[in-house]
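Student: PDB, C-alpha atoms, saved as query-v7.pdb, coming up:
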```pdb
ATOM      1  CA  MET A  89     -12.528   4.245   2.598
ATOM      2  CA  ARG A  90      -9.533   5.065   0.440
ATOM      3  CA  ASP A  91      -8.627   1.347   0.299
ATOM      4  CA  LEU A  92     -12.113   0.406  -0.897
ATOM      5  CA  ASP A  93     -12.066   3.162  -3.523
ATOM      6  CA  VAL A  94      -8.777   1.774  -4.863
ATOM      7  CA  GLN A  95     -10.124  -1.792  -4.808
ATOM      8  CA  LEU A  96     -13.253  -0.711  -6.684
ATOM      9  CA  ALA A  97     -11.140   0.998  -9.349
ATOM     10  CA  ALA A  98      -8.891  -2.069  -9.640
ATOM     11  CA  LEU A  99     -11.827  -4.459  -9.940
ATOM     12  CA  ARG A 100     -13.536  -2.309 -12.565
ATOM     13  CA  SER A 101     -10.313  -2.209 -14.594
ATOM     14  CA  LEU A 102     -10.129  -6.019 -14.696
ATOM     15  CA  LYS A 103     -11.349  -7.402 -18.026
ATOM     16  CA  ILE A 104     -12.939 -10.788 -17.430
ATOM     17  CA  PRO A 105     -16.080 -11.363 -19.555
ATOM     18  CA  ARG A 106     -16.560 -14.951 -18.300
ATOM     19  CA  GLU A 107     -17.867 -13.861 -14.913
ATOM     20  CA  SER A 108     -19.436 -10.464 -15.457
ATOM     21  CA  ARG A 109     -22.238 -11.339 -13.027
ATOM     22  CA  ARG A 110     -19.820 -12.167 -10.222
ATOM     23  CA  LYS A 111     -17.762  -9.088 -11.003
ATOM     24  CA  THR A 112     -20.894  -6.951 -10.644
ATOM     25  CA  GLN A 113     -21.698  -8.820  -7.426
ATOM     26  CA  MET A 114     -18.250  -8.005  -6.044
ATOM     27  CA  VAL A 115     -18.523  -4.333  -7.070
ATOM     28  CA  ASN A 116     -21.840  -4.072  -5.242
ATOM     29  CA  HIS A 117     -20.343  -5.802  -2.198
ATOM     30  CA  LEU A 118     -17.444  -3.320  -2.065
ATOM     31  CA  ILE A 119     -19.831  -0.383  -2.461
ATOM     32  CA  GLU A 120     -21.850  -1.734   0.456
ATOM     33  CA  LEU A 121     -18.708  -2.091   2.587
ATOM     34  CA  ARG A 122     -17.718   1.476   1.712
ATOM     35  CA  GLY A 123     -21.105   2.739   2.822
ATOM     36  CA  GLN A 124     -20.727   0.953   6.148
ATOM     37  CA  GLN A 125     -17.263   2.445   6.696
ATOM     38  CA  GLU A 126     -18.511   5.915   5.825
ATOM     39  CA  LYS A 127     -21.259   5.653   8.465
ATOM     40  CA  LYS A 128     -18.721   4.527  11.085
ATOM     41  CA  LEU A 129     -16.395   7.408  10.193
ATOM     42  CA  ARG A 130     -19.144  10.004  10.463
ATOM     43  CA  LYS A 131     -20.155   8.598  13.820
ATOM     44  CA  ALA A 132     -16.559   8.567  15.117
ATOM     45  CA  VAL A 133     -15.617  12.076  13.944
ATOM     46  CA  ASP A 134     -18.067  14.134  15.983
ATOM     47  CA  GLU A 135     -17.558  17.636  17.411
ATOM     48  CA  ASP A 136     -16.025  16.335  20.636
ATOM     49  CA  ALA A 137     -13.448  14.254  18.734
ATOM     50  CA  VAL A 138     -12.489  17.203  16.507
ATOM     51  CA  ARG A 139     -12.156  19.458  19.563
ATOM     52  CA  GLU A 140      -9.880  16.960  21.286
ATOM     53  CA  ILE A 141      -7.686  16.598  18.183
ATOM     54  CA  ARG A 142      -7.262  20.378  17.991
ATOM     55  CA  LYS A 143      -6.217  20.524  21.654
ATOM     56  CA  ARG A 144      -3.595  17.829  21.138
ATOM     57  CA  LEU A 145      -2.218  19.546  18.043
ATOM     58  CA  LYS A 146      -1.875  22.823  19.941
ATOM     59  CA  ARG A 147      -0.017  21.091  22.785
ATOM     60  CA  ALA A 148       2.274  19.322  20.312
ATOM     61  CA  SER A 149       3.071  22.550  18.435
ATOM     62  CA  LYS A 150       4.033  24.322  21.695
ATOM     63  CA  ASN A 151       6.439  21.541  22.672
ATOM     64  CA  PHE A 152       7.997  21.228  19.210
ATOM     65  CA  ASN A 153      11.586  22.456  18.994
ATOM     66  CA  PRO A 154      12.931  22.170  15.432
ATOM     67  CA  LYS A 155      16.503  23.003  16.513
ATOM     68  CA  ALA A 156      16.586  20.040  18.869
ATOM     69  CA  SER A 157      15.198  17.672  16.253
ATOM     70  CA  GLN A 158      17.307  15.287  14.191
ATOM     71  CA  ASP A 159      17.872  15.822  10.510
ATOM     72  CA  PRO A 160      14.679  14.492   8.817
ATOM     73  CA  LEU A 161      16.651  12.829   6.015
ATOM     74  CA  ALA A 162      18.875  11.003   8.512
ATOM     75  CA  VAL A 163      15.793   9.858  10.421
ATOM     76  CA  ALA A 164      14.138   8.634   7.218
ATOM     77  CA  SER A 165      17.276   6.825   6.087
ATOM     78  CA  GLY A 166      17.598   5.185   9.500
ATOM     79  CA  MET A 167      14.070   3.806   9.225
ATOM     80  CA  LEU A 168      15.161   1.869   6.157
ATOM     81  CA  GLU A 169      18.430   0.639   7.675
ATOM     82  CA  GLY A 170      17.420  -3.015   7.453
ATOM     83  CA  ILE A 171      16.562  -2.935   3.749
ATOM     84  CA  GLY A 172      20.160  -3.484   2.682
ATOM     85  CA  ARG A 173      20.792  -6.328   5.110
ATOM     86  CA  GLY A 174      20.478 -10.033   4.546
ATOM     87  CA  ASP A 175      19.736 -12.221   1.560
ATOM     88  CA  ALA A 176      16.677 -13.934   3.012
ATOM     89  CA  PRO A 177      13.819 -14.606   0.553
ATOM     90  CA  VAL A 178      11.267 -11.813   0.328
ATOM     91  CA  THR A 179       7.968 -12.887   1.856
ATOM     92  CA  GLU A 180       4.565 -11.230   2.138
ATOM     93  CA  ALA A 181       5.339 -10.442   5.791
ATOM     94  CA  LEU A 182       8.538  -8.642   4.767
ATOM     95  CA  LEU A 183       6.703  -6.649   2.108
ATOM     96  CA  HIS A 184       4.109  -5.616   4.682
ATOM     97  CA  LYS A 185       6.921  -4.448   6.971
ATOM     98  CA  TYR A 186       8.577  -2.330   4.290
ATOM     99  CA  ARG A 187       5.232  -0.999   3.069
ATOM    100  CA  ILE A 188       4.734   0.612   6.474
ATOM    101  CA  LEU A 189       8.387   1.655   6.846
ATOM    102  CA  SER A 190       8.545   3.276   3.399
ATOM    103  CA  LYS A 191       5.430   5.326   4.174
ATOM    104  CA  ARG A 192       6.895   6.598   7.453
ATOM    105  CA  ALA A 193      10.304   7.245   5.890
ATOM    106  CA  ARG A 194       8.780   9.306   3.094
ATOM    107  CA  TYR A 195       6.768  11.416   5.553
ATOM    108  CA  ALA A 196       9.928  12.065   7.588
ATOM    109  CA  ALA A 197      12.034  12.937   4.525
ATOM    110  CA  GLU A 198       9.457  15.446   3.300
ATOM    111  CA  PHE A 199      10.292  17.616   6.341
ATOM    112  CA  ALA A 200      13.906  17.985   5.189
ATOM    113  CA  GLU A 201      15.155  21.065   3.384
ATOM    114  CA  GLN A 202      15.004  20.637  -0.380
ATOM    115  CA  SER A 203      18.198  19.377  -1.978
ATOM    116  CA  LYS A 204      19.189  17.002  -4.768
ATOM    117  CA  GLU A 205      19.826  14.264  -2.217
ATOM    118  CA  VAL A 206      16.412  14.728  -0.587
ATOM    119  CA  VAL A 207      14.575  14.768  -3.929
ATOM    120  CA  GLN A 208      16.406  11.617  -5.034
ATOM    121  CA  PHE A 209      15.682   9.861  -1.730
ATOM    122  CA  ILE A 210      11.961  10.688  -1.847
ATOM    123  CA  ALA A 211      11.716   9.613  -5.494
ATOM    124  CA  GLY A 212      13.213   6.218  -4.670
ATOM    125  CA  ILE A 213      10.981   5.761  -1.630
ATOM    126  CA  LYS A 214       7.926   6.738  -3.660
ATOM    127  CA  ARG A 215       8.705   4.076  -6.285
ATOM    128  CA  LEU A 216       8.984   1.474  -3.547
ATOM    129  CA  GLN A 217       5.879   2.753  -1.778
ATOM    130  CA  ASP A 218       3.860   2.694  -5.012
ATOM    131  CA  ALA A 219       4.911  -0.866  -5.847
ATOM    132  CA  LEU A 220       4.196  -2.162  -2.348
ATOM    133  CA  GLY A 221       0.914  -0.267  -2.099
ATOM    134  CA  ASP A 222      -0.277  -1.537  -5.468
ATOM    135  CA  TRP A 223       0.486  -5.139  -4.476
ATOM    136  CA  HIS A 224      -1.242  -4.705  -1.113
ATOM    137  CA  ASP A 225      -4.396  -3.224  -2.684
ATOM    138  CA  TRP A 226      -4.744  -6.192  -5.049
ATOM    139  CA  LEU A 227      -3.969  -8.624  -2.235
ATOM    140  CA  ILE A 228      -6.786  -7.242  -0.052
ATOM    141  CA  LEU A 229      -9.160  -7.240  -3.027
ATOM    142  CA  THR A 230      -8.296 -10.887  -3.717
ATOM    143  CA  GLN A 231      -8.834 -11.860  -0.095
ATOM    144  CA  THR A 232     -12.193 -10.057  -0.012
ATOM    145  CA  ALA A 233     -13.265 -11.764  -3.240
ATOM    146  CA  SER A 234     -12.226 -15.180  -1.899
ATOM    147  CA  GLU A 235     -14.314 -14.655   1.231
ATOM    148  CA  HIS A 236     -17.323 -13.474  -0.768
ATOM    149  CA  LEU A 237     -17.168 -15.703  -3.868
ATOM    150  CA  GLY A 238     -15.136 -18.741  -2.830
ATOM    151  CA  GLU A 239     -11.647 -19.926  -3.691
ATOM    152  CA  VAL A 240      -9.909 -20.367  -7.048
ATOM    153  CA  ARG A 241     -11.710 -23.572  -8.087
ATOM    154  CA  GLU A 242     -15.078 -21.974  -7.407
ATOM    155  CA  SER A 243     -14.568 -18.751  -9.344
ATOM    156  CA  SER A 244     -12.494 -17.816 -12.386
ATOM    157  CA  LEU A 245     -12.716 -14.190 -11.213
ATOM    158  CA  VAL A 246     -10.955 -15.110  -7.975
ATOM    159  CA  ALA A 247      -8.390 -17.122  -9.966
ATOM    160  CA  GLU A 248      -7.674 -14.114 -12.158
ATOM    161  CA  LEU A 249      -7.339 -11.854  -9.123
ATOM    162  CA  HIS A 250      -4.771 -14.298  -7.703
ATOM    163  CA  ASN A 251      -2.858 -14.127 -10.984
ATOM    164  CA  VAL A 252      -2.793 -10.331 -10.995
ATOM    165  CA  THR A 253      -1.790 -10.230  -7.324
ATOM    166  CA  GLY A 254       1.043 -12.665  -8.049
ATOM    167  CA  ALA A 255       2.353 -10.365 -10.780
ATOM    168  CA  LYS A 256       2.114  -7.366  -8.454
ATOM    169  CA  PHE A 257       3.987  -9.324  -5.781
ATOM    170  CA  ARG A 258       6.854 -10.130  -8.147
ATOM    171  CA  HIS A 259       7.091  -6.497  -9.261
ATOM    172  CA  ALA A 260       7.196  -5.309  -5.640
ATOM    173  CA  VAL A 261       9.928  -7.867  -4.889
ATOM    174  CA  ALA A 262      11.952  -6.599  -7.873
ATOM    175  CA  VAL A 263      11.713  -2.968  -6.714
ATOM    176  CA  LEU A 264      12.597  -3.874  -3.112
ATOM    177  CA  SER A 265      15.513  -6.078  -4.219
ATOM    178  CA  GLN A 266      16.869  -3.287  -6.371
ATOM    179  CA  MET A 267      16.715  -0.836  -3.485
ATOM    180  CA  ARG A 268      18.376  -3.393  -1.215
ATOM    181  CA  GLY A 269      21.211  -3.718  -3.696
ATOM    182  CA  ALA A 270      21.619   0.053  -3.978
ATOM    183  CA  ARG A 271      21.726   0.553  -0.206
ATOM    184  CA  ALA A 272      24.114  -2.368   0.304
ATOM    185  CA  ALA A 273      26.447  -0.768  -2.241
ATOM    186  CA  GLY A 274      26.184   2.596  -0.481
ATOM    187  CA  LYS A 275      24.407   4.228  -3.416
ATOM    188  CA  PRO A 276      21.530   6.740  -3.155
ATOM    189  CA  THR A 277      18.190   5.226  -2.208
ATOM    190  CA  ALA A 278      16.502   6.110  -5.484
ATOM    191  CA  ALA A 279      16.031   2.878  -7.388
ATOM    192  CA  ALA A 280      16.009   2.622 -11.154
ATOM    193  CA  HIS A 281      12.653   2.163 -12.810
ATOM    194  CA  VAL A 282      11.380  -1.400 -12.782
ATOM    195  CA  PRO A 283       8.551  -1.814 -15.317
ATOM    196  CA  ALA A 284       5.324  -3.309 -14.031
ATOM    197  CA  HIS A 285       4.354  -5.852 -16.667
ATOM    198  CA  ALA A 286       0.749  -5.650 -17.809
ATOM    199  CA  GLU A 287       0.589  -9.319 -18.661
ATOM    200  CA  THR A 288      -0.318 -11.768 -15.896
ATOM    201  CA  PRO A 289       0.265 -15.521 -15.754
ATOM    202  CA  LYS A 290      -2.868 -17.508 -16.518
ATOM    203  CA  ASN A 291      -2.015 -20.784 -14.862
ATOM    204  CA  ARG A 292      -0.483 -19.752 -11.525
ATOM    205  CA  PRO A 293      -2.689 -18.310  -8.800
ATOM    206  CA  ALA A 294       0.137 -18.099  -6.239
ATOM    207  CA  THR A 295       0.652 -14.699  -4.599
ATOM    208  CA  SER A 296       3.750 -15.262  -2.526
ATOM    209  CA  ALA A 297       6.386 -16.761  -4.788
ATOM    210  CA  ALA A 298       9.528 -14.710  -4.527
TER     211      ALA A 298
END
```
Kindly present the structure from the file in structure tokens form.

Tutor:
Amino acid sequence: MRDLDVQLAALRSLKIPRESRRKTQMVNHLIELRGQQEKKLRKAVDEDAVREIRKRLKRASKNFNPKASQDPLAVASGMLEGIGRGDAPVTEALLHKYRILSKRARYAAEFAEQSKEVVQFIAGIKRLQDALGDWHDWLILTQTASEHLGEVRESSLVAELHNVTGAKFRHAVAVLSQMRGARAAGKPTAAAHVPAHAETPKNRPATSAA
């Protein structure tokens, strides 16, 4: 449901007076999808499921030995080992991979004892995670709109969504490339700020140009 909430907010923020009717249609469609997901969630999370989750958590806590565990920061850094390797073009598939890896790496790093290095690492990962997550949210919204309203030639709203998604893609690539460069040079993971440009190209609907 979180994804649909983000998509609804993104769609509502999009200023496109030419297709206000289709925009309203898409908003209503997303609200309907959210309602369906909410019903499924309520059905799945019943008392038996909650009871089973609690049992598993208790078993896991008994078997957990913090002294035998690896350093959380080292684990998190190891998850991102491949970021600094290779000069292959950044594709959507690669962004998807690092979107998942950055999320896991951040969770692992947050278990480490607070230090300047840990704070810097988490800050860099968060910038990457935010850029990749933002791109992915717009990508899913664009795909949903294409399925519901038709492709670019059939809807200027869909065309505009492709344009925004393309801009988000290029920003995510810039953040990832900067982190790759920092890791390849042996510098801390925290990447410098890469501004996300508000303007979007009007004549290019592509979403995967590196």

Student: Would you translate the PyMOL selection byres ((chain A and resi 221) around 10) into the concrete set of residues it matches in this file, as a PyMOL selection string?

Tutor: chain A and resi 91+183-184+187-188+191+215-220+222-227+256+260

Student: I'd like to know which of A:Pro105, A:Glu126, A:Glu140, A:Gly212 is closest to Gln266 in chain A, using all atoms listed in the file.

Tutor: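 Comparing A:Pro105, A:Glu126, A:Glu140, A:Gly212 against Gln266 in chain A, the winner is A:Gly212.
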
Student: What separation in Å, quoted to one decimal, exists between CA of Gln158 in chain A and CA of Lys146 in chain A?

Tutor: 21.4 Å

Student: Under the PyMOL selection byres ((chain A and resi 194) around 9), which residues of this model are included? Write them out as a ChimeraX atom specification.

Tutor: /A:164,189-193,195-198,209-210,213-214,217

Student: Hey, which of A:Met267, A:Ala97, A:Ser165, A:Arg90 ends up closest to Val206 in chain A? Count only C-alpha atoms.

Tutor: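 Nearest to Val206 in chain A: A:Ser165.
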
Student: So what do you get for CA of Glu248 in chain A versus CA of Pro177 in chain A, distance-wise?

Tutor: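 CA of Glu248 in chain A sits 25.0 Å away from CA of Pro177 in chain A.
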
Student: When you count all atoms listed in the file, which of these residues is closest to Arg110 in chain A: A:Met167, A:Ala255, A:Ile228, A:Leu237?

Tutor: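 Closest candidate: A:Leu237.
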
Student: Set the distance at 12 Å and use only C-alpha atoms: which residues neighbour His117 in chain A once local chain neighbours fewer than 2 positions away are removed? I'd like the list as a PyMOL selection string.

Tutor: chain A and resi 92+95-96+99+110-115+119-124+229+232-233+235-237

Student: Would you mind reading off the distance between CA of Val94 in chain A and CA of Asn116 in chain A, one decimal, in Å?

Tutor: 14.3 Å

Student: Under the rule that only C-alpha atoms are counted, which of A:Asp136, A:Glu180, A:Glu169, A:Asp93 is the nearest residue to Phe257 in chain A?

Tutor: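 Result for the nearest residue to Phe257 in chain A: A:Glu180.
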